[in-house]
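Okay, target13.cif now, which holds mmCIF, C-alpha atoms:
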data_my_file
loop_
_atom_site.group_PDB
_atom_site.id
_atom_site.type_symbol
_atom_site.label_atom_id
_atom_site.label_comp_id
_atom_site.auth_asym_id
_atom_site.auth_seq_id
_atom_site.Cartn_x
_atom_site.Cartn_y
_atom_site.Cartn_z
ATOM 1 C CA MET A 1 -9.582 -5.449 -17.174
ATOM 2 C CA SER A 2 -6.568 -3.485 -18.385
ATOM 3 C CA GLN A 3 -3.411 -3.280 -16.314
ATOM 4 C CA ALA A 4 -2.413 0.281 -15.359
ATOM 5 C CA ALA A 5 0.766 1.487 -17.019
ATOM 6 C CA THR A 6 3.912 1.159 -14.947
ATOM 7 C CA LEU A 7 4.707 4.311 -13.063
ATOM 8 C CA VAL A 8 7.714 6.081 -14.603
ATOM 9 C CA PHE A 9 9.377 8.380 -12.099
ATOM 10 C CA PRO A 10 10.933 11.727 -13.076
ATOM 11 C CA ASP A 11 14.622 11.865 -13.941
ATOM 12 C CA LEU A 12 17.101 12.171 -11.122
ATOM 13 C CA ILE A 13 19.195 15.310 -10.792
ATOM 14 C CA TYR A 14 22.817 14.150 -10.719
ATOM 15 C CA PHE A 15 25.570 15.943 -8.808
ATOM 16 C CA GLU A 16 28.021 14.850 -11.544
ATOM 17 C CA ASP A 17 26.135 17.083 -14.004
ATOM 18 C CA TYR A 18 27.281 20.119 -11.986
ATOM 19 C CA ASN A 19 31.038 19.478 -12.438
ATOM 20 C CA GLY A 20 31.590 18.953 -8.722
ATOM 21 C CA ASN A 21 30.144 22.373 -7.842
ATOM 22 C CA PHE A 22 28.059 21.526 -4.791
ATOM 23 C CA GLN A 23 26.657 25.058 -4.414
ATOM 24 C CA ALA A 24 25.351 25.075 -8.009
ATOM 25 C CA TYR A 25 23.886 21.588 -7.492
ATOM 26 C CA PHE A 26 22.287 22.564 -4.179
ATOM 27 C CA SER A 27 20.758 25.667 -5.802
ATOM 28 C CA ALA A 28 19.317 23.600 -8.660
ATOM 29 C CA VAL A 29 17.811 21.088 -6.227
ATOM 30 C CA TYR A 30 16.347 23.876 -4.091
ATOM 31 C CA ALA A 31 14.868 25.518 -7.211
ATOM 32 C CA VAL A 32 12.909 22.309 -7.938
ATOM 33 C CA PHE A 33 11.616 22.189 -4.345
ATOM 34 C CA GLU A 34 10.704 25.878 -4.487
ATOM 35 C CA ASN A 35 8.801 25.398 -7.736
ATOM 36 C CA ASP A 36 7.056 22.194 -6.629
ATOM 37 C CA PHE A 37 6.048 23.196 -3.092
ATOM 38 C CA ILE A 38 6.346 26.951 -2.585
ATOM 39 C CA ARG A 39 5.403 28.634 -5.871
ATOM 40 C CA SER A 40 2.746 25.985 -6.439
ATOM 41 C CA GLN A 41 1.463 23.102 -4.373
ATOM 42 C CA PRO A 42 0.473 19.640 -5.426
ATOM 43 C CA GLN A 43 -2.971 18.467 -4.379
ATOM 44 C CA TYR A 44 -3.885 15.410 -2.354
ATOM 45 C CA GLU A 45 -7.555 14.460 -2.098
ATOM 46 C CA GLY A 46 -8.540 17.899 -3.388
ATOM 47 C CA LEU A 47 -6.517 19.869 -0.834
ATOM 48 C CA LYS A 48 -3.149 21.551 -1.267
ATOM 49 C CA VAL A 49 -0.005 20.005 0.185
ATOM 50 C CA ALA A 50 1.914 22.671 2.076
ATOM 51 C CA VAL A 51 5.425 22.626 3.529
ATOM 52 C CA ARG A 52 6.715 23.660 6.925
ATOM 53 C CA LYS A 53 8.991 26.685 6.722
ATOM 54 C CA TYR A 54 9.795 27.263 10.377
ATOM 55 C CA PRO A 55 11.979 26.868 12.204
ATOM 56 C CA GLU A 56 14.193 27.554 9.197
ATOM 57 C CA VAL A 57 17.522 25.789 8.880
ATOM 58 C CA ASP A 58 20.254 28.008 7.417
ATOM 59 C CA GLY A 59 17.534 30.218 5.933
ATOM 60 C CA LEU A 60 15.861 27.270 4.170
ATOM 61 C CA HIS A 61 12.420 25.762 4.540
ATOM 62 C CA ARG A 62 12.527 23.104 7.226
ATOM 63 C CA THR A 63 10.846 20.553 4.934
ATOM 64 C CA PHE A 64 13.481 21.013 2.216
ATOM 65 C CA TYR A 65 16.246 20.545 4.752
ATOM 66 C CA HIS A 66 14.543 17.462 6.135
ATOM 67 C CA ILE A 67 14.055 15.714 2.776
ATOM 68 C CA THR A 68 17.563 16.453 1.451
ATOM 69 C CA HIS A 69 19.660 15.860 4.572
ATOM 70 C CA GLU A 70 20.239 12.763 6.684
ATOM 71 C CA GLY A 71 20.830 12.229 10.409
ATOM 72 C CA GLU A 72 19.082 11.649 13.700
ATOM 73 C CA ASP A 73 20.076 14.984 15.284
ATOM 74 C CA GLU A 74 17.842 17.578 13.592
ATOM 75 C CA ASN A 75 20.402 20.340 14.153
ATOM 76 C CA ASN A 76 23.327 18.474 12.613
ATOM 77 C CA ARG A 77 21.966 16.678 9.567
ATOM 78 C CA GLN A 78 24.315 16.181 6.602
ATOM 79 C CA PRO A 79 23.462 16.695 2.905
ATOM 80 C CA ASP A 80 22.439 13.404 1.297
ATOM 81 C CA ILE A 81 23.112 13.264 -2.455
ATOM 82 C CA ARG A 82 20.736 10.295 -2.961
ATOM 83 C CA ARG A 83 17.906 12.289 -1.359
ATOM 84 C CA MET A 84 18.796 15.381 -3.372
ATOM 85 C CA GLU A 85 18.848 13.421 -6.639
ATOM 86 C CA ARG A 86 15.204 12.488 -5.997
ATOM 87 C CA ILE A 87 13.940 16.023 -5.337
ATOM 88 C CA ARG A 88 11.355 15.645 -8.131
ATOM 89 C CA TYR A 89 9.862 12.527 -6.504
ATOM 90 C CA PRO A 90 7.749 13.989 -3.650
ATOM 91 C CA LYS A 91 5.455 16.086 -5.866
ATOM 92 C CA PHE A 92 5.271 13.237 -8.399
ATOM 93 C CA VAL A 93 4.232 10.681 -5.755
ATOM 94 C CA VAL A 94 1.587 13.026 -4.335
ATOM 95 C CA GLU A 95 0.190 13.759 -7.797
ATOM 96 C CA GLN A 96 0.188 10.056 -8.761
ATOM 97 C CA ASN A 97 -1.550 8.939 -5.559
ATOM 98 C CA GLN A 98 -4.385 7.272 -7.496
ATOM 99 C CA HIS A 99 -1.948 4.971 -9.312
ATOM 100 C CA PRO A 100 -2.087 1.344 -8.077
ATOM 101 C CA GLU A 101 1.710 1.307 -7.597
ATOM 102 C CA ILE A 102 1.404 3.966 -4.884
ATOM 103 C CA LEU A 103 0.480 2.163 -1.669
ATOM 104 C CA ILE A 104 -1.341 4.429 0.772
ATOM 105 C CA TRP A 105 -2.080 3.871 4.436
ATOM 106 C CA LYS A 106 -2.229 5.716 7.737
ATOM 107 C CA ASN A 107 -0.341 5.304 10.979
ATOM 108 C CA ARG A 108 0.167 7.250 14.188
ATOM 109 C CA ARG A 109 3.334 9.078 15.207
ATOM 110 C CA GLY A 110 2.815 10.765 18.545
ATOM 111 C CA LYS A 111 -0.457 12.692 18.380
ATOM 112 C CA ASP A 112 -0.366 12.895 14.577
ATOM 113 C CA GLU A 113 -2.078 10.563 12.165
ATOM 114 C CA ARG A 114 0.285 10.232 9.217
ATOM 115 C CA ILE A 115 -0.550 9.360 5.627
ATOM 116 C CA LEU A 116 2.123 7.258 3.941
ATOM 117 C CA LEU A 117 2.465 7.063 0.159
ATOM 118 C CA PHE A 118 4.950 4.362 -0.790
ATOM 119 C CA ASN A 119 6.213 3.121 -4.129
ATOM 120 C CA GLU A 120 7.780 -0.300 -3.757
ATOM 121 C CA SER A 121 9.754 -0.387 -7.012
ATOM 122 C CA GLU A 122 11.538 2.926 -6.271
ATOM 123 C CA ASN A 123 11.585 2.255 -2.497
ATOM 124 C CA TYR A 124 10.391 5.809 -2.024
ATOM 125 C CA ILE A 125 8.009 7.104 0.617
ATOM 126 C CA VAL A 126 6.250 10.425 1.160
ATOM 127 C CA VAL A 127 4.712 11.231 4.534
ATOM 128 C CA LEU A 128 1.871 13.734 4.952
ATOM 129 C CA THR A 129 -0.375 14.689 7.813
ATOM 130 C CA GLU A 130 -3.866 16.125 7.549
ATOM 131 C CA ARG A 131 -4.631 19.615 8.810
ATOM 132 C CA LYS A 132 -7.989 21.403 8.750
ATOM 133 C CA GLU A 133 -7.835 22.783 5.202
ATOM 134 C CA PHE A 134 -4.661 21.266 3.746
ATOM 135 C CA TYR A 135 -2.138 18.459 4.057
ATOM 136 C CA LEU A 136 1.268 19.109 5.570
ATOM 137 C CA PHE A 137 4.263 17.519 3.848
ATOM 138 C CA ILE A 138 6.269 15.947 6.686
ATOM 139 C CA THR A 139 9.077 14.131 4.906
ATOM 140 C CA ALA A 140 10.109 11.929 2.002
ATOM 141 C CA TYR A 141 12.999 9.521 1.624
ATOM 142 C CA MET A 142 14.364 6.370 0.059
ATOM 143 C CA VAL A 143 13.775 3.253 2.065
ATOM 144 C CA ASP A 144 17.289 1.859 1.967
ATOM 145 C CA THR A 145 17.110 -1.329 4.020
ATOM 146 C CA GLU A 146 15.198 -4.508 3.287
ATOM 147 C CA HIS A 147 14.173 -4.669 6.958
ATOM 148 C CA ARG A 148 12.550 -1.207 6.804
ATOM 149 C CA LYS A 149 10.802 -2.036 3.526
ATOM 150 C CA LYS A 150 9.373 -5.281 4.972
ATOM 151 C CA SER A 151 8.244 -3.396 8.056
ATOM 152 C CA LEU A 152 6.430 -0.775 5.929
ATOM 153 C CA LEU A 153 4.771 -3.407 3.739
ATOM 154 C CA LYS A 154 3.656 -5.318 6.834
ATOM 155 C CA GLU A 155 2.162 -2.100 8.241
ATOM 156 C CA TYR A 156 0.390 -1.484 4.919
ATOM 157 C CA GLU A 157 -1.057 -5.018 4.840
ATOM 158 C CA ALA A 158 -2.259 -4.722 8.448
ATOM 159 C CA TYR A 159 -3.901 -1.376 7.646
ATOM 160 C CA LYS A 160 -5.626 -2.821 4.554
ATOM 161 C CA LYS A 161 -6.794 -5.854 6.512
ATOM 162 C CA ALA A 162 -8.204 -3.656 9.325
ATOM 163 C CA LYS A 163 -10.004 -1.483 6.754
ATOM 164 C CA THR A 164 -11.732 -4.477 5.160
ATOM 165 C CA ALA A 165 -12.518 -6.265 8.441
#

Take the structure in the file and write it out as structure tokens.
Amino acid sequence: MSQAATLVFPDLIYFEDYNGNFQAYFSAVYAVFENDFIRSQPQYEGLKVAVRKYPEVDGLHRTFYHITHEGEDENNRQPDIRRMERIRYPKFVVEQNQHPEILIWKNRRGKDERILLFNESENYIVVLTERKEFYLFITAYMVDTEHRKKSLLKEYEAYKKAKTA
């Protein structure tokens, strides 16, 4: 049996490449999001993955704001360069969902059943939820603590075990 090729993630978009011009950098990052999720949509299990636009934040799609900013208070999140650098990752992870390095499981958050797509080597997670005729892209982020990573992997193992029981 052949081993699947290692997943090679898209290049990061570095702030340094924009000569310290945050507005130019922000625009470039938003252009990737717009192309990947607004002009076109990736597919998951044969259905499109759509993004939440409203309520907009500073005239931007709510999902973009959520995946590129950090903070508990939704109305006062701060730009997060590490999240912005990885703007090409969400579409990539969704499109590579069949790859063995993308761990997939479901959990519940409130009334929603969430679908988690996690790549351990990049410590990157994408969260979707199923709607009637599409999937809704909830969020995506780097898992930046070992505790959180262990917690996610434990949840994944428990899900797998329950599925095979």

Measuring atom to atom with all atoms listed in the file, identify which of A:Arg52, A:Arg62, A:Arg82, A:Arg88 is nearest to Ala31 (chain A).
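Checking each candidate against Ala31 (chain A), we get A:Arg88 as the closest.
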
Please provide as a PyMOL selection string all residues within 12 Å of Leu152 (chain A), with the sequence filter that same-chain residues fewer than 2 positions apart are discarded (counting all atoms listed in the file).
chain A and resi 103-107+116-120+123-125+143-150+154-159

Provide the CA of Val93 (chain A) to CA of Val126 (chain A) distance in Å, to one decimal place.
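Going from CA of Val93 (chain A) over to CA of Val126 (chain A), I get 7.2 Å.
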
Evaluate the PyMOL selection byres ((chain A and resi 15) around 12) and record the selected residues as an MDAnalysis selection string, following the chain and residue labels used in the document.
chainID A and resid 12:14 16:29 79:86

The residue from A:Asn35, A:Ser121, A:Thr68, A:Gln78 with the smallest atom-to-atom distance to Glu101 (chain A), counting only C-alpha atoms, is A:Ser121

Given the file above and the PyMOL selection byres ((chain A and resi 43) around 12), which residues are selected, and can you give them as an MDAnalysis selection string?
chainID A and resid 36:37 40:42 44:50 90:98 128 133:137

How many Å lie between CA of Leu60 (chain A) and CA of Lys132 (chain A), rounded to one decimal?
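Between these atoms lies a distance of 25.0 Å.
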
Atomic separation - CA of Ile115 (chain A) relative to CA of Arg131 (chain A), Å:
11.5 Å

Any idea what's packed within 8 Å of Thr63 (chain A), counting all atoms listed in the file, ignoring anything in its chain fewer than 3 positions away? Could you give it as a PyMOL selection string?
chain A and resi 51-53+66-67+137-139

At a cut-off of 10 Å, using all atoms listed in the file, what residues contact His61 (chain A)? Leave out same-chain residues fewer than 3 positions from it and give the result as a list in words.
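Returned residues: Tyr30, Phe33, Glu34, Ile38, Val51, Arg52, Lys53, Tyr54, Pro55, Glu56, Val57, Asp58, Phe64, Tyr65 and His66 of chain A.
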
Would you fill the gaps in region 140-151 of chain A so it has all heavy atoms, then print it as a PDB file, in the frame of the given file?
ATOM      1  N   ALA A 140      10.052  12.882   3.107  1.00  0.00           N
ATOM      2  CA  ALA A 140      10.109  11.929   2.002  1.00  0.00           C
ATOM      3  C   ALA A 140      11.531  11.389   1.971  1.00  0.00           C
ATOM      4  O   ALA A 140      12.477  12.127   2.243  1.00  0.00           O
ATOM      5  CB  ALA A 140       9.770  12.609   0.682  1.00  0.00           C
ATOM      6  N   TYR A 141      11.662  10.107   1.648  1.00  0.00           N
ATOM      7  CA  TYR A 141      12.999   9.521   1.624  1.00  0.00           C
ATOM      8  C   TYR A 141      12.986   8.170   0.932  1.00  0.00           C
ATOM      9  O   TYR A 141      11.930   7.568   0.737  1.00  0.00           O
ATOM     10  CB  TYR A 141      13.566   9.366   3.040  1.00  0.00           C
ATOM     11  CG  TYR A 141      12.696   8.551   3.976  1.00  0.00           C
ATOM     12  CD1 TYR A 141      12.879   7.176   4.110  1.00  0.00           C
ATOM     13  CD2 TYR A 141      11.692   9.157   4.722  1.00  0.00           C
ATOM     14  CE1 TYR A 141      12.080   6.430   4.962  1.00  0.00           C
ATOM     15  CE2 TYR A 141      10.882   8.416   5.569  1.00  0.00           C
ATOM     16  CZ  TYR A 141      11.082   7.056   5.698  1.00  0.00           C
ATOM     17  OH  TYR A 141      10.283   6.319   6.530  1.00  0.00           O
ATOM     18  N   MET A 142      14.187   7.721   0.601  1.00  0.00           N
ATOM     19  CA  MET A 142      14.364   6.370   0.059  1.00  0.00           C
ATOM     20  C   MET A 142      14.407   5.395   1.222  1.00  0.00           C
ATOM     21  O   MET A 142      15.080   5.657   2.217  1.00  0.00           O
ATOM     22  CB  MET A 142      15.703   6.269  -0.678  1.00  0.00           C
ATOM     23  CG  MET A 142      15.639   6.670  -2.099  1.00  0.00           C
ATOM     24  SD  MET A 142      17.205   6.264  -2.900  1.00  0.00           S
ATOM     25  CE  MET A 142      17.226   4.489  -2.742  1.00  0.00           C
ATOM     26  N   VAL A 143      13.711   4.316   1.069  1.00  0.00           N
ATOM     27  CA  VAL A 143      13.775   3.253   2.065  1.00  0.00           C
ATOM     28  C   VAL A 143      14.969   2.398   1.653  1.00  0.00           C
ATOM     29  O   VAL A 143      14.931   1.734   0.622  1.00  0.00           O
ATOM     30  CB  VAL A 143      12.462   2.439   2.083  1.00  0.00           C
ATOM     31  CG1 VAL A 143      12.565   1.257   3.018  1.00  0.00           C
ATOM     32  CG2 VAL A 143      11.295   3.349   2.450  1.00  0.00           C
ATOM     33  N   ASP A 144      16.052   2.465   2.443  1.00  0.00           N
ATOM     34  CA  ASP A 144      17.289   1.859   1.967  1.00  0.00           C
ATOM     35  C   ASP A 144      17.697   0.555   2.653  1.00  0.00           C
ATOM     36  O   ASP A 144      18.793   0.066   2.414  1.00  0.00           O
ATOM     37  CB  ASP A 144      18.440   2.867   1.979  1.00  0.00           C
ATOM     38  CG  ASP A 144      18.619   3.535   3.317  1.00  0.00           C
ATOM     39  OD1 ASP A 144      17.966   3.118   4.292  1.00  0.00           O
ATOM     40  OD2 ASP A 144      19.405   4.491   3.386  1.00  0.00           O
ATOM     41  N   THR A 145      16.808  -0.001   3.477  1.00  0.00           N
ATOM     42  CA  THR A 145      17.110  -1.329   4.020  1.00  0.00           C
ATOM     43  C   THR A 145      15.929  -2.254   3.761  1.00  0.00           C
ATOM     44  O   THR A 145      14.771  -1.820   3.760  1.00  0.00           O
ATOM     45  CB  THR A 145      17.401  -1.309   5.543  1.00  0.00           C
ATOM     46  OG1 THR A 145      16.203  -0.963   6.233  1.00  0.00           O
ATOM     47  CG2 THR A 145      18.526  -0.329   5.890  1.00  0.00           C
ATOM     48  N   GLU A 146      16.233  -3.507   3.535  1.00  0.00           N
ATOM     49  CA  GLU A 146      15.198  -4.508   3.287  1.00  0.00           C
ATOM     50  C   GLU A 146      14.311  -4.660   4.525  1.00  0.00           C
ATOM     51  O   GLU A 146      13.108  -4.833   4.419  1.00  0.00           O
ATOM     52  CB  GLU A 146      15.860  -5.849   2.913  1.00  0.00           C
ATOM     53  CG  GLU A 146      14.954  -6.796   2.157  1.00  0.00           C
ATOM     54  CD  GLU A 146      14.285  -6.211   0.905  1.00  0.00           C
ATOM     55  OE1 GLU A 146      14.915  -5.428   0.172  1.00  0.00           O
ATOM     56  OE2 GLU A 146      13.101  -6.537   0.672  1.00  0.00           O
ATOM     57  N   HIS A 147      14.927  -4.562   5.704  1.00  0.00           N
ATOM     58  CA  HIS A 147      14.173  -4.669   6.958  1.00  0.00           C
ATOM     59  C   HIS A 147      13.106  -3.572   7.055  1.00  0.00           C
ATOM     60  O   HIS A 147      11.956  -3.835   7.387  1.00  0.00           O
ATOM     61  CB  HIS A 147      15.127  -4.596   8.164  1.00  0.00           C
ATOM     62  CG  HIS A 147      14.417  -4.525   9.469  1.00  0.00           C
ATOM     63  ND1 HIS A 147      13.784  -5.625  10.026  1.00  0.00           N
ATOM     64  CD2 HIS A 147      14.195  -3.487  10.312  1.00  0.00           C
ATOM     65  CE1 HIS A 147      13.221  -5.259  11.167  1.00  0.00           C
ATOM     66  NE2 HIS A 147      13.454  -3.969  11.366  1.00  0.00           N
ATOM     67  N   ARG A 148      13.487  -2.328   6.738  1.00  0.00           N
ATOM     68  CA  ARG A 148      12.550  -1.207   6.804  1.00  0.00           C
ATOM     69  C   ARG A 148      11.434  -1.374   5.773  1.00  0.00           C
ATOM     70  O   ARG A 148      10.265  -1.114   6.050  1.00  0.00           O
ATOM     71  CB  ARG A 148      13.304   0.119   6.583  1.00  0.00           C
ATOM     72  CG  ARG A 148      12.422   1.347   6.597  1.00  0.00           C
ATOM     73  CD  ARG A 148      11.930   1.686   7.991  1.00  0.00           C
ATOM     74  NE  ARG A 148      11.115   2.890   7.952  1.00  0.00           N
ATOM     75  CZ  ARG A 148       9.886   2.972   8.479  1.00  0.00           C
ATOM     76  NH1 ARG A 148       9.360   1.953   9.109  1.00  0.00           N
ATOM     77  NH2 ARG A 148       9.205   4.085   8.395  1.00  0.00           N
ATOM     78  N   LYS A 149      11.794  -1.817   4.581  1.00  0.00           N
ATOM     79  CA  LYS A 149      10.802  -2.036   3.526  1.00  0.00           C
ATOM     80  C   LYS A 149       9.784  -3.096   3.966  1.00  0.00           C
ATOM     81  O   LYS A 149       8.583  -2.895   3.836  1.00  0.00           O
ATOM     82  CB  LYS A 149      11.495  -2.464   2.229  1.00  0.00           C
ATOM     83  CG  LYS A 149      10.534  -2.660   1.070  1.00  0.00           C
ATOM     84  CD  LYS A 149      11.297  -2.995  -0.200  1.00  0.00           C
ATOM     85  CE  LYS A 149      10.379  -3.158  -1.372  1.00  0.00           C
ATOM     86  NZ  LYS A 149      11.124  -3.364  -2.626  1.00  0.00           N
ATOM     87  N   LYS A 150      10.278  -4.217   4.499  1.00  0.00           N
ATOM     88  CA  LYS A 150       9.373  -5.281   4.972  1.00  0.00           C
ATOM     89  C   LYS A 150       8.461  -4.763   6.077  1.00  0.00           C
ATOM     90  O   LYS A 150       7.278  -5.088   6.108  1.00  0.00           O
ATOM     91  CB  LYS A 150      10.184  -6.483   5.463  1.00  0.00           C
ATOM     92  CG  LYS A 150      10.712  -7.338   4.345  1.00  0.00           C
ATOM     93  CD  LYS A 150      11.451  -8.559   4.875  1.00  0.00           C
ATOM     94  CE  LYS A 150      11.933  -9.396   3.701  1.00  0.00           C
ATOM     95  NZ  LYS A 150      13.144 -10.147   4.019  1.00  0.00           N
ATOM     96  N   SER A 151       9.019  -3.970   6.958  1.00  0.00           N
ATOM     97  CA  SER A 151       8.244  -3.396   8.056  1.00  0.00           C
ATOM     98  C   SER A 151       7.125  -2.491   7.517  1.00  0.00           C
ATOM     99  O   SER A 151       5.979  -2.561   7.970  1.00  0.00           O
ATOM    100  CB  SER A 151       9.195  -2.609   8.962  1.00  0.00           C
ATOM    101  OG  SER A 151       8.484  -1.867   9.901  1.00  0.00           O
TER     102      SER A 151
END
